[in-house]
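*Asks:* File model-v1.cif follows (mmCIF, C-alpha atoms):
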data_work
#
loop_
_atom_site.group_PDB
_atom_site.id
_atom_site.type_symbol
_atom_site.label_atom_id
_atom_site.label_comp_id
_atom_site.auth_asym_id
_atom_site.auth_seq_id
_atom_site.Cartn_x
_atom_site.Cartn_y
_atom_site.Cartn_z
ATOM 1 C CA MET A 1 0.000 0.000 0.000
ATOM 2 C CA SER A 2 1.394 3.425 -0.914
ATOM 3 C CA GLU A 3 2.054 6.124 1.648
ATOM 4 C CA LYS A 4 -0.016 9.283 1.925
ATOM 5 C CA THR A 5 2.092 12.431 1.446
ATOM 6 C CA ALA A 6 1.095 15.989 2.378
ATOM 7 C CA LEU A 7 1.880 18.696 -0.185
ATOM 8 C CA THR A 8 2.640 22.300 0.775
ATOM 9 C CA PRO A 9 4.395 24.408 -1.873
ATOM 10 C CA ALA A 10 6.778 27.147 -0.692
ATOM 11 C CA THR A 11 4.233 29.696 -1.965
ATOM 12 C CA HIS A 12 1.672 28.597 0.637
ATOM 13 C CA THR A 13 1.372 29.307 4.357
ATOM 14 C CA ALA A 14 0.476 26.568 6.805
ATOM 15 C CA PRO A 15 -3.261 25.838 6.653
ATOM 16 C CA PRO A 16 -5.383 27.562 9.314
ATOM 17 C CA ALA A 17 -6.640 24.205 10.651
ATOM 18 C CA ARG A 18 -5.509 20.584 10.684
ATOM 19 C CA PHE A 19 -5.526 19.766 6.959
ATOM 20 C CA SER A 20 -3.074 19.655 4.072
ATOM 21 C CA HIS A 21 -3.114 21.914 1.013
ATOM 22 C CA GLY A 22 -2.772 18.746 -1.029
ATOM 23 C CA VAL A 23 -2.444 15.030 -0.421
ATOM 24 C CA LYS A 24 -0.987 12.401 -2.719
ATOM 25 C CA LYS A 25 -1.390 8.657 -2.339
ATOM 26 C CA GLY A 26 -0.263 6.407 -5.153
ATOM 27 C CA ASN A 27 -1.365 8.064 -8.374
ATOM 28 C CA ILE A 28 -4.178 10.107 -6.765
ATOM 29 C CA LEU A 29 -3.646 13.738 -5.825
ATOM 30 C CA GLN A 30 -6.315 15.769 -4.054
ATOM 31 C CA VAL A 31 -5.885 19.535 -3.887
ATOM 32 C CA ALA A 32 -7.735 21.101 -0.962
ATOM 33 C CA GLY A 33 -9.879 24.142 -1.588
ATOM 34 C CA GLN A 34 -7.654 27.058 -2.537
ATOM 35 C CA VAL A 35 -8.496 30.739 -2.425
ATOM 36 C CA GLY A 36 -6.922 33.784 -4.066
ATOM 37 C CA PHE A 37 -4.198 34.492 -1.506
ATOM 38 C CA LEU A 38 -0.956 35.899 -2.867
ATOM 39 C CA PRO A 39 2.211 33.826 -2.301
ATOM 40 C CA ALA A 40 3.146 33.607 1.362
ATOM 41 C CA VAL A 41 5.405 36.192 2.969
ATOM 42 C CA GLU A 42 6.951 35.045 6.243
ATOM 43 C CA GLY A 43 5.540 36.908 9.217
ATOM 44 C CA GLN A 44 2.580 38.339 7.299
ATOM 45 C CA ALA A 45 -1.038 37.233 7.289
ATOM 46 C CA PRO A 46 -2.346 35.820 3.991
ATOM 47 C CA THR A 47 -3.421 38.590 1.610
ATOM 48 C CA PRO A 48 -6.052 38.283 -1.157
ATOM 49 C CA ALA A 49 -4.777 39.004 -4.683
ATOM 50 C CA GLY A 50 -7.261 41.862 -4.932
ATOM 51 C CA PRO A 51 -10.894 42.722 -4.512
ATOM 52 C CA THR A 52 -12.022 41.626 -7.988
ATOM 53 C CA LEU A 53 -13.244 38.225 -9.094
ATOM 54 C CA ARG A 54 -10.662 38.243 -11.925
ATOM 55 C CA GLU A 55 -7.716 38.832 -9.579
ATOM 56 C CA GLN A 56 -8.883 36.225 -7.101
ATOM 57 C CA THR A 57 -9.781 33.602 -9.725
ATOM 58 C CA LEU A 58 -6.417 33.830 -11.484
ATOM 59 C CA GLN A 59 -4.532 33.645 -8.170
ATOM 60 C CA THR A 60 -6.692 30.749 -7.002
ATOM 61 C CA LEU A 61 -5.898 28.822 -10.189
ATOM 62 C CA ALA A 62 -2.187 29.608 -9.705
ATOM 63 C CA ASN A 63 -2.420 28.256 -6.152
ATOM 64 C CA VAL A 64 -4.099 25.037 -7.324
ATOM 65 C CA LYS A 65 -1.458 24.667 -10.050
ATOM 66 C CA ALA A 66 1.361 25.083 -7.496
ATOM 67 C CA ILE A 67 0.036 22.141 -5.491
ATOM 68 C CA LEU A 68 -0.470 20.019 -8.602
ATOM 69 C CA GLU A 69 3.144 20.686 -9.605
ATOM 70 C CA GLU A 70 4.377 19.951 -6.062
ATOM 71 C CA GLY A 71 2.762 16.516 -6.436
ATOM 72 C CA GLY A 72 4.121 15.908 -9.946
ATOM 73 C CA ALA A 73 0.833 16.602 -11.734
ATOM 74 C CA THR A 74 -0.313 19.006 -14.449
ATOM 75 C CA TRP A 75 -3.696 20.365 -15.482
ATOM 76 C CA ASP A 76 -3.896 17.429 -17.930
ATOM 77 C CA ASP A 77 -4.002 15.050 -14.937
ATOM 78 C CA VAL A 78 -6.995 16.796 -13.353
ATOM 79 C CA MET A 79 -10.181 14.749 -13.503
ATOM 80 C CA MET A 80 -12.499 16.977 -11.449
ATOM 81 C CA MET A 81 -12.578 20.570 -10.280
ATOM 82 C CA ARG A 82 -15.032 22.112 -7.877
ATOM 83 C CA VAL A 83 -15.568 25.877 -7.908
ATOM 84 C CA TYR A 84 -17.156 27.590 -4.923
ATOM 85 C CA LEU A 85 -18.515 31.103 -5.497
ATOM 86 C CA THR A 86 -19.964 33.491 -2.931
ATOM 87 C CA ASP A 87 -22.288 35.220 -5.402
ATOM 88 C CA VAL A 88 -24.546 33.723 -8.078
ATOM 89 C CA ALA A 89 -24.016 36.903 -10.118
ATOM 90 C CA HIS A 90 -20.322 35.948 -10.564
ATOM 91 C CA PHE A 91 -21.025 32.732 -12.484
ATOM 92 C CA ALA A 92 -20.820 34.115 -16.048
ATOM 93 C CA GLU A 93 -17.736 36.251 -15.338
ATOM 94 C CA MET A 94 -15.991 33.337 -13.629
ATOM 95 C CA ASN A 95 -16.708 31.117 -16.653
ATOM 96 C CA GLU A 96 -15.135 33.708 -18.975
ATOM 97 C CA ILE A 97 -12.011 33.945 -16.801
ATOM 98 C CA TYR A 98 -11.861 30.152 -16.367
ATOM 99 C CA ASN A 99 -12.259 29.463 -20.108
ATOM 100 C CA ALA A 100 -9.618 32.028 -21.081
ATOM 101 C CA TYR A 101 -7.199 30.670 -18.471
ATOM 102 C CA PHE A 102 -7.497 27.091 -19.706
ATOM 103 C CA GLU A 103 -7.222 28.134 -23.365
ATOM 104 C CA GLU A 104 -3.804 29.587 -22.460
ATOM 105 C CA GLN A 105 -2.727 26.332 -20.748
ATOM 106 C CA GLU A 106 -2.686 24.422 -24.071
ATOM 107 C CA LEU A 107 -4.084 21.229 -22.548
ATOM 108 C CA LYS A 108 -3.358 17.987 -24.361
ATOM 109 C CA ALA A 109 -6.167 16.078 -22.619
ATOM 110 C CA PRO A 110 -9.895 16.868 -22.623
ATOM 111 C CA ALA A 111 -11.083 19.406 -20.068
ATOM 112 C CA SER A 112 -11.776 18.067 -16.584
ATOM 113 C CA ALA A 113 -15.240 17.663 -15.165
ATOM 114 C CA ARG A 114 -16.413 20.594 -13.017
ATOM 115 C CA THR A 115 -19.071 21.506 -10.491
ATOM 116 C CA THR A 116 -19.873 25.029 -9.313
ATOM 117 C CA VAL A 117 -21.713 25.733 -6.064
ATOM 118 C CA TYR A 118 -22.450 28.811 -3.981
ATOM 119 C CA VAL A 119 -21.081 29.094 -0.443
ATOM 120 C CA GLY A 120 -20.069 31.501 2.284
ATOM 121 C CA LEU A 121 -16.345 32.285 2.493
ATOM 122 C CA PRO A 122 -14.395 34.508 4.893
ATOM 123 C CA GLN A 123 -14.880 38.259 4.392
ATOM 124 C CA GLY A 124 -13.383 39.536 1.129
ATOM 125 C CA LEU A 125 -12.919 36.119 -0.512
ATOM 126 C CA LEU A 126 -15.037 35.514 -3.619
ATOM 127 C CA ILE A 127 -13.929 32.099 -4.917
ATOM 128 C CA GLU A 128 -12.445 28.788 -3.815
ATOM 129 C CA ILE A 129 -11.361 25.901 -6.077
ATOM 130 C CA ASP A 130 -10.317 22.334 -5.363
ATOM 131 C CA ALA A 131 -9.112 19.634 -7.751
ATOM 132 C CA LEU A 132 -8.705 15.878 -8.013
ATOM 133 C CA ALA A 133 -5.903 14.580 -10.244
ATOM 134 C CA VAL A 134 -4.919 11.071 -11.298
ATOM 135 C CA LEU A 135 -1.304 10.717 -12.422
ATOM 136 C CA GLY A 136 -0.113 8.332 -15.075
#
Would you encode the structure as structure tokens?

*Replies:*
Amino acid sequence: MSEKTALTPATHTAPPARFSHGVKKGNILQVAGQVGFLPAVEGQAPTPAGPTLREQTLQTLANVKAILEEGGATWDDVMMMRVYLTDVAHFAEMNEIYNAYFEEQELKAPASARTTVYVGLPQGLLIEIDALAVLG
């Protein structure tokens, strides 16, 4: 049986509770929900990329990608993504940002499956994304 390994890229602070930013076991990699915090600066509290959905979505995707790469995965390995929005009115804009982002990634595999739901997040955060990847 393969060992479970926690993944925390250098760009990320320690999680605020007892969980890992990502976990890999065998060829499965689960990325925990990521938000649009800028890369970690020692001694400073996490800071959102900006107040706009665009800024936060692009940073959130960069944070997910950092964990995928830490675990040896790419966007092509992602099977499922879950997007959590705080406002139903953001759905169309998020789709535009999301589609443009993935067009730039030049994926070799078909797009992953995706679910979008509406949730409450801490003050100022507009989006959270998690991902499930299967390597190999």

*Asks:* Taking (-18.7, 35.1, -7.6) as a centre in this file's frame and 10 Å as the limit, can you find every polymer residue with an atom that close, using all atoms listed in the file, and give them as a list in words?

*Replies:*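 Protein and nucleic acid residues near the point are Thr52, Leu53, Arg54, Gln56, Thr57, Val83, Tyr84, Leu85, Thr86, Asp87, Val88, Ala89, His90, Phe91, Ala92, Glu93, Met94, Val117, Tyr118, Val119, Leu125, Leu126, Ile127 and Glu128 of chain A.
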
*Asks:* Report as a ChimeraX atom specification the full result of the PyMOL selection byres ((chain A and resi 40-51) around 8) when it is applied to this structure.

*Replies:* /A:10-13,36-39,52-53,55-56,59,124-125

*Asks:* Quick check on the file I pasted: which residues fall under the PyMOL selection byres ((chain A and resi 77-82) around 12)? Write them as a short mmCIF file (atom, residue, chain, number, x, y, z; two decimals) with C-alpha atoms, keeping the file's coordinate frame.

*Replies:*
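As a result, result.cif now contains:
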data_model
loop_
_atom_site.label_atom_id
_atom_site.label_comp_id
_atom_site.auth_asym_id
_atom_site.auth_seq_id
_atom_site.Cartn_x
_atom_site.Cartn_y
_atom_site.Cartn_z
CA ASN A 27 -1.36 8.06 -8.37
CA ILE A 28 -4.18 10.11 -6.76
CA LEU A 29 -3.65 13.74 -5.82
CA GLN A 30 -6.32 15.77 -4.05
CA VAL A 31 -5.88 19.54 -3.89
CA ALA A 32 -7.74 21.10 -0.96
CA GLY A 33 -9.88 24.14 -1.59
CA GLN A 34 -7.65 27.06 -2.54
CA LEU A 61 -5.90 28.82 -10.19
CA VAL A 64 -4.10 25.04 -7.32
CA LYS A 65 -1.46 24.67 -10.05
CA ILE A 67 0.04 22.14 -5.49
CA LEU A 68 -0.47 20.02 -8.60
CA GLU A 69 3.14 20.69 -9.60
CA GLY A 71 2.76 16.52 -6.44
CA GLY A 72 4.12 15.91 -9.95
CA ALA A 73 0.83 16.60 -11.73
CA THR A 74 -0.31 19.01 -14.45
CA TRP A 75 -3.70 20.36 -15.48
CA ASP A 76 -3.90 17.43 -17.93
CA VAL A 83 -15.57 25.88 -7.91
CA TYR A 84 -17.16 27.59 -4.92
CA LEU A 85 -18.52 31.10 -5.50
CA TYR A 98 -11.86 30.15 -16.37
CA LEU A 107 -4.08 21.23 -22.55
CA LYS A 108 -3.36 17.99 -24.36
CA ALA A 109 -6.17 16.08 -22.62
CA PRO A 110 -9.90 16.87 -22.62
CA ALA A 111 -11.08 19.41 -20.07
CA SER A 112 -11.78 18.07 -16.58
CA ALA A 113 -15.24 17.66 -15.16
CA ARG A 114 -16.41 20.59 -13.02
CA THR A 115 -19.07 21.51 -10.49
CA THR A 116 -19.87 25.03 -9.31
CA VAL A 117 -21.71 25.73 -6.06
CA TYR A 118 -22.45 28.81 -3.98
CA VAL A 119 -21.08 29.09 -0.44
CA ILE A 127 -13.93 32.10 -4.92
CA GLU A 128 -12.44 28.79 -3.82
CA ILE A 129 -11.36 25.90 -6.08
CA ASP A 130 -10.32 22.33 -5.36
CA ALA A 131 -9.11 19.63 -7.75
CA LEU A 132 -8.70 15.88 -8.01
CA ALA A 133 -5.90 14.58 -10.24
CA VAL A 134 -4.92 11.07 -11.30
CA LEU A 135 -1.30 10.72 -12.42
CA GLY A 136 -0.11 8.33 -15.08
#

*Asks:* Looking at all atoms listed in the file, which of A:Ala100, A:Pro9, A:Val35, A:Gly120 is the one that sits closest to A:Thr60?

*Replies:* A:Val35

*Asks:* Between atom CA of A:Gly26 and atom CA of A:Glu3, what is the distance in Å, rounded to a tenth?

*Replies:*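 Answer for the atom CA of A:Gly26 to atom CA of A:Glu3 separation: 7.2 Å.
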
*Asks:* Using atom CA of A:Pro16 and atom CA of A:Gln123 as the two end points, give the distance in Å to one decimal.

*Replies:*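 Distance reported for this atom pair: 15.1 Å.
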
*Asks:* Would you compute the distance between atom CA of A:Gly22 and atom CA of A:Ala62? Give it in Å to one decimal.

*Replies:*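 Atom CA of A:Gly22 sits 13.9 Å away from atom CA of A:Ala62.
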
*Asks:* Using the atoms already present, construct all heavy atoms for stretch 101-112 of chain A and hand them back as a PDB file, in the frame of the given file.

*Replies:*
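Produced file rebuild_21.pdb, reproduced below:
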ATOM      1  N   TYR A 101      -8.362  31.229 -19.159  1.00  0.00           N
ATOM      2  CA  TYR A 101      -7.199  30.670 -18.471  1.00  0.00           C
ATOM      3  C   TYR A 101      -6.823  29.313 -19.077  1.00  0.00           C
ATOM      4  O   TYR A 101      -5.669  29.065 -19.415  1.00  0.00           O
ATOM      5  CB  TYR A 101      -7.470  30.525 -16.967  1.00  0.00           C
ATOM      6  CG  TYR A 101      -6.339  29.859 -16.227  1.00  0.00           C
ATOM      7  CD1 TYR A 101      -5.271  30.605 -15.751  1.00  0.00           C
ATOM      8  CD2 TYR A 101      -6.324  28.485 -16.018  1.00  0.00           C
ATOM      9  CE1 TYR A 101      -4.211  30.004 -15.081  1.00  0.00           C
ATOM     10  CE2 TYR A 101      -5.277  27.874 -15.360  1.00  0.00           C
ATOM     11  CZ  TYR A 101      -4.221  28.633 -14.889  1.00  0.00           C
ATOM     12  OH  TYR A 101      -3.176  28.024 -14.235  1.00  0.00           O
ATOM     13  N   PHE A 102      -7.816  28.437 -19.217  1.00  0.00           N
ATOM     14  CA  PHE A 102      -7.497  27.091 -19.706  1.00  0.00           C
ATOM     15  C   PHE A 102      -7.178  27.067 -21.202  1.00  0.00           C
ATOM     16  O   PHE A 102      -6.436  26.196 -21.647  1.00  0.00           O
ATOM     17  CB  PHE A 102      -8.584  26.086 -19.306  1.00  0.00           C
ATOM     18  CG  PHE A 102      -8.416  25.675 -17.869  1.00  0.00           C
ATOM     19  CD1 PHE A 102      -9.270  26.149 -16.896  1.00  0.00           C
ATOM     20  CD2 PHE A 102      -7.360  24.864 -17.481  1.00  0.00           C
ATOM     21  CE1 PHE A 102      -9.089  25.811 -15.561  1.00  0.00           C
ATOM     22  CE2 PHE A 102      -7.179  24.524 -16.163  1.00  0.00           C
ATOM     23  CZ  PHE A 102      -8.039  24.991 -15.195  1.00  0.00           C
ATOM     24  N   GLU A 103      -7.657  28.028 -21.967  1.00  0.00           N
ATOM     25  CA  GLU A 103      -7.222  28.134 -23.365  1.00  0.00           C
ATOM     26  C   GLU A 103      -5.733  28.434 -23.429  1.00  0.00           C
ATOM     27  O   GLU A 103      -5.020  27.909 -24.284  1.00  0.00           O
ATOM     28  CB  GLU A 103      -8.010  29.232 -24.088  1.00  0.00           C
ATOM     29  CG  GLU A 103      -9.409  28.798 -24.467  1.00  0.00           C
ATOM     30  CD  GLU A 103     -10.210  29.912 -25.118  1.00  0.00           C
ATOM     31  OE1 GLU A 103      -9.595  30.878 -25.640  1.00  0.00           O
ATOM     32  OE2 GLU A 103     -11.444  29.821 -25.095  1.00  0.00           O
ATOM     33  N   GLU A 104      -5.230  29.241 -22.511  1.00  0.00           N
ATOM     34  CA  GLU A 104      -3.804  29.587 -22.460  1.00  0.00           C
ATOM     35  C   GLU A 104      -2.930  28.421 -21.993  1.00  0.00           C
ATOM     36  O   GLU A 104      -1.730  28.416 -22.250  1.00  0.00           O
ATOM     37  CB  GLU A 104      -3.582  30.770 -21.521  1.00  0.00           C
ATOM     38  CG  GLU A 104      -4.168  32.065 -22.013  1.00  0.00           C
ATOM     39  CD  GLU A 104      -4.061  33.187 -21.001  1.00  0.00           C
ATOM     40  OE1 GLU A 104      -3.401  33.009 -19.950  1.00  0.00           O
ATOM     41  OE2 GLU A 104      -4.638  34.253 -21.262  1.00  0.00           O
ATOM     42  N   GLN A 105      -3.511  27.452 -21.300  1.00  0.00           N
ATOM     43  CA  GLN A 105      -2.727  26.332 -20.748  1.00  0.00           C
ATOM     44  C   GLN A 105      -2.360  25.286 -21.804  1.00  0.00           C
ATOM     45  O   GLN A 105      -1.537  24.420 -21.553  1.00  0.00           O
ATOM     46  CB  GLN A 105      -3.475  25.665 -19.587  1.00  0.00           C
ATOM     47  CG  GLN A 105      -3.782  26.598 -18.438  1.00  0.00           C
ATOM     48  CD  GLN A 105      -2.547  27.296 -17.908  1.00  0.00           C
ATOM     49  OE1 GLN A 105      -1.572  26.647 -17.513  1.00  0.00           O
ATOM     50  NE2 GLN A 105      -2.563  28.618 -17.893  1.00  0.00           N
ATOM     51  N   GLU A 106      -2.963  25.355 -22.974  1.00  0.00           N
ATOM     52  CA  GLU A 106      -2.686  24.422 -24.071  1.00  0.00           C
ATOM     53  C   GLU A 106      -2.750  22.960 -23.600  1.00  0.00           C
ATOM     54  O   GLU A 106      -1.800  22.189 -23.744  1.00  0.00           O
ATOM     55  CB  GLU A 106      -1.325  24.739 -24.696  1.00  0.00           C
ATOM     56  CG  GLU A 106      -1.282  26.129 -25.296  1.00  0.00           C
ATOM     57  CD  GLU A 106       0.059  26.498 -25.898  1.00  0.00           C
ATOM     58  OE1 GLU A 106       0.986  25.666 -25.906  1.00  0.00           O
ATOM     59  OE2 GLU A 106       0.174  27.635 -26.380  1.00  0.00           O
ATOM     60  N   LEU A 107      -3.889  22.588 -23.042  1.00  0.00           N
ATOM     61  CA  LEU A 107      -4.084  21.229 -22.548  1.00  0.00           C
ATOM     62  C   LEU A 107      -4.018  20.220 -23.685  1.00  0.00           C
ATOM     63  O   LEU A 107      -4.506  20.480 -24.775  1.00  0.00           O
ATOM     64  CB  LEU A 107      -5.432  21.113 -21.841  1.00  0.00           C
ATOM     65  CG  LEU A 107      -5.651  22.028 -20.644  1.00  0.00           C
ATOM     66  CD1 LEU A 107      -7.044  21.816 -20.079  1.00  0.00           C
ATOM     67  CD2 LEU A 107      -4.603  21.809 -19.581  1.00  0.00           C
ATOM     68  N   LYS A 108      -3.422  19.080 -23.388  1.00  0.00           N
ATOM     69  CA  LYS A 108      -3.358  17.987 -24.361  1.00  0.00           C
ATOM     70  C   LYS A 108      -4.529  17.026 -24.164  1.00  0.00           C
ATOM     71  O   LYS A 108      -4.929  16.336 -25.083  1.00  0.00           O
ATOM     72  CB  LYS A 108      -2.025  17.255 -24.218  1.00  0.00           C
ATOM     73  CG  LYS A 108      -0.828  18.136 -24.573  1.00  0.00           C
ATOM     74  CD  LYS A 108       0.480  17.434 -24.246  1.00  0.00           C
ATOM     75  CE  LYS A 108       1.665  18.301 -24.519  1.00  0.00           C
ATOM     76  NZ  LYS A 108       1.821  19.436 -23.628  1.00  0.00           N
ATOM     77  N   ALA A 109      -5.057  16.971 -22.952  1.00  0.00           N
ATOM     78  CA  ALA A 109      -6.167  16.078 -22.619  1.00  0.00           C
ATOM     79  C   ALA A 109      -7.476  16.867 -22.645  1.00  0.00           C
ATOM     80  O   ALA A 109      -7.465  18.099 -22.579  1.00  0.00           O
ATOM     81  CB  ALA A 109      -5.936  15.487 -21.229  1.00  0.00           C
ATOM     82  N   PRO A 110      -8.605  16.171 -22.706  1.00  0.00           N
ATOM     83  CA  PRO A 110      -9.895  16.868 -22.623  1.00  0.00           C
ATOM     84  C   PRO A 110     -10.014  17.634 -21.304  1.00  0.00           C
ATOM     85  O   PRO A 110      -9.356  17.294 -20.321  1.00  0.00           O
ATOM     86  CB  PRO A 110     -10.916  15.736 -22.685  1.00  0.00           C
ATOM     87  CG  PRO A 110     -10.200  14.594 -23.308  1.00  0.00           C
ATOM     88  CD  PRO A 110      -8.762  14.732 -22.889  1.00  0.00           C
ATOM     89  N   ALA A 111     -10.847  18.639 -21.296  1.00  0.00           N
ATOM     90  CA  ALA A 111     -11.083  19.406 -20.068  1.00  0.00           C
ATOM     91  C   ALA A 111     -11.605  18.491 -18.969  1.00  0.00           C
ATOM     92  O   ALA A 111     -12.280  17.490 -19.231  1.00  0.00           O
ATOM     93  CB  ALA A 111     -12.092  20.514 -20.351  1.00  0.00           C
ATOM     94  N   SER A 112     -11.295  18.847 -17.721  1.00  0.00           N
ATOM     95  CA  SER A 112     -11.776  18.067 -16.584  1.00  0.00           C
ATOM     96  C   SER A 112     -13.278  18.291 -16.399  1.00  0.00           C
ATOM     97  O   SER A 112     -13.848  19.241 -16.933  1.00  0.00           O
ATOM     98  CB  SER A 112     -11.036  18.487 -15.314  1.00  0.00           C
ATOM     99  OG  SER A 112     -11.387  19.802 -14.951  1.00  0.00           O
TER     100      SER A 112
END
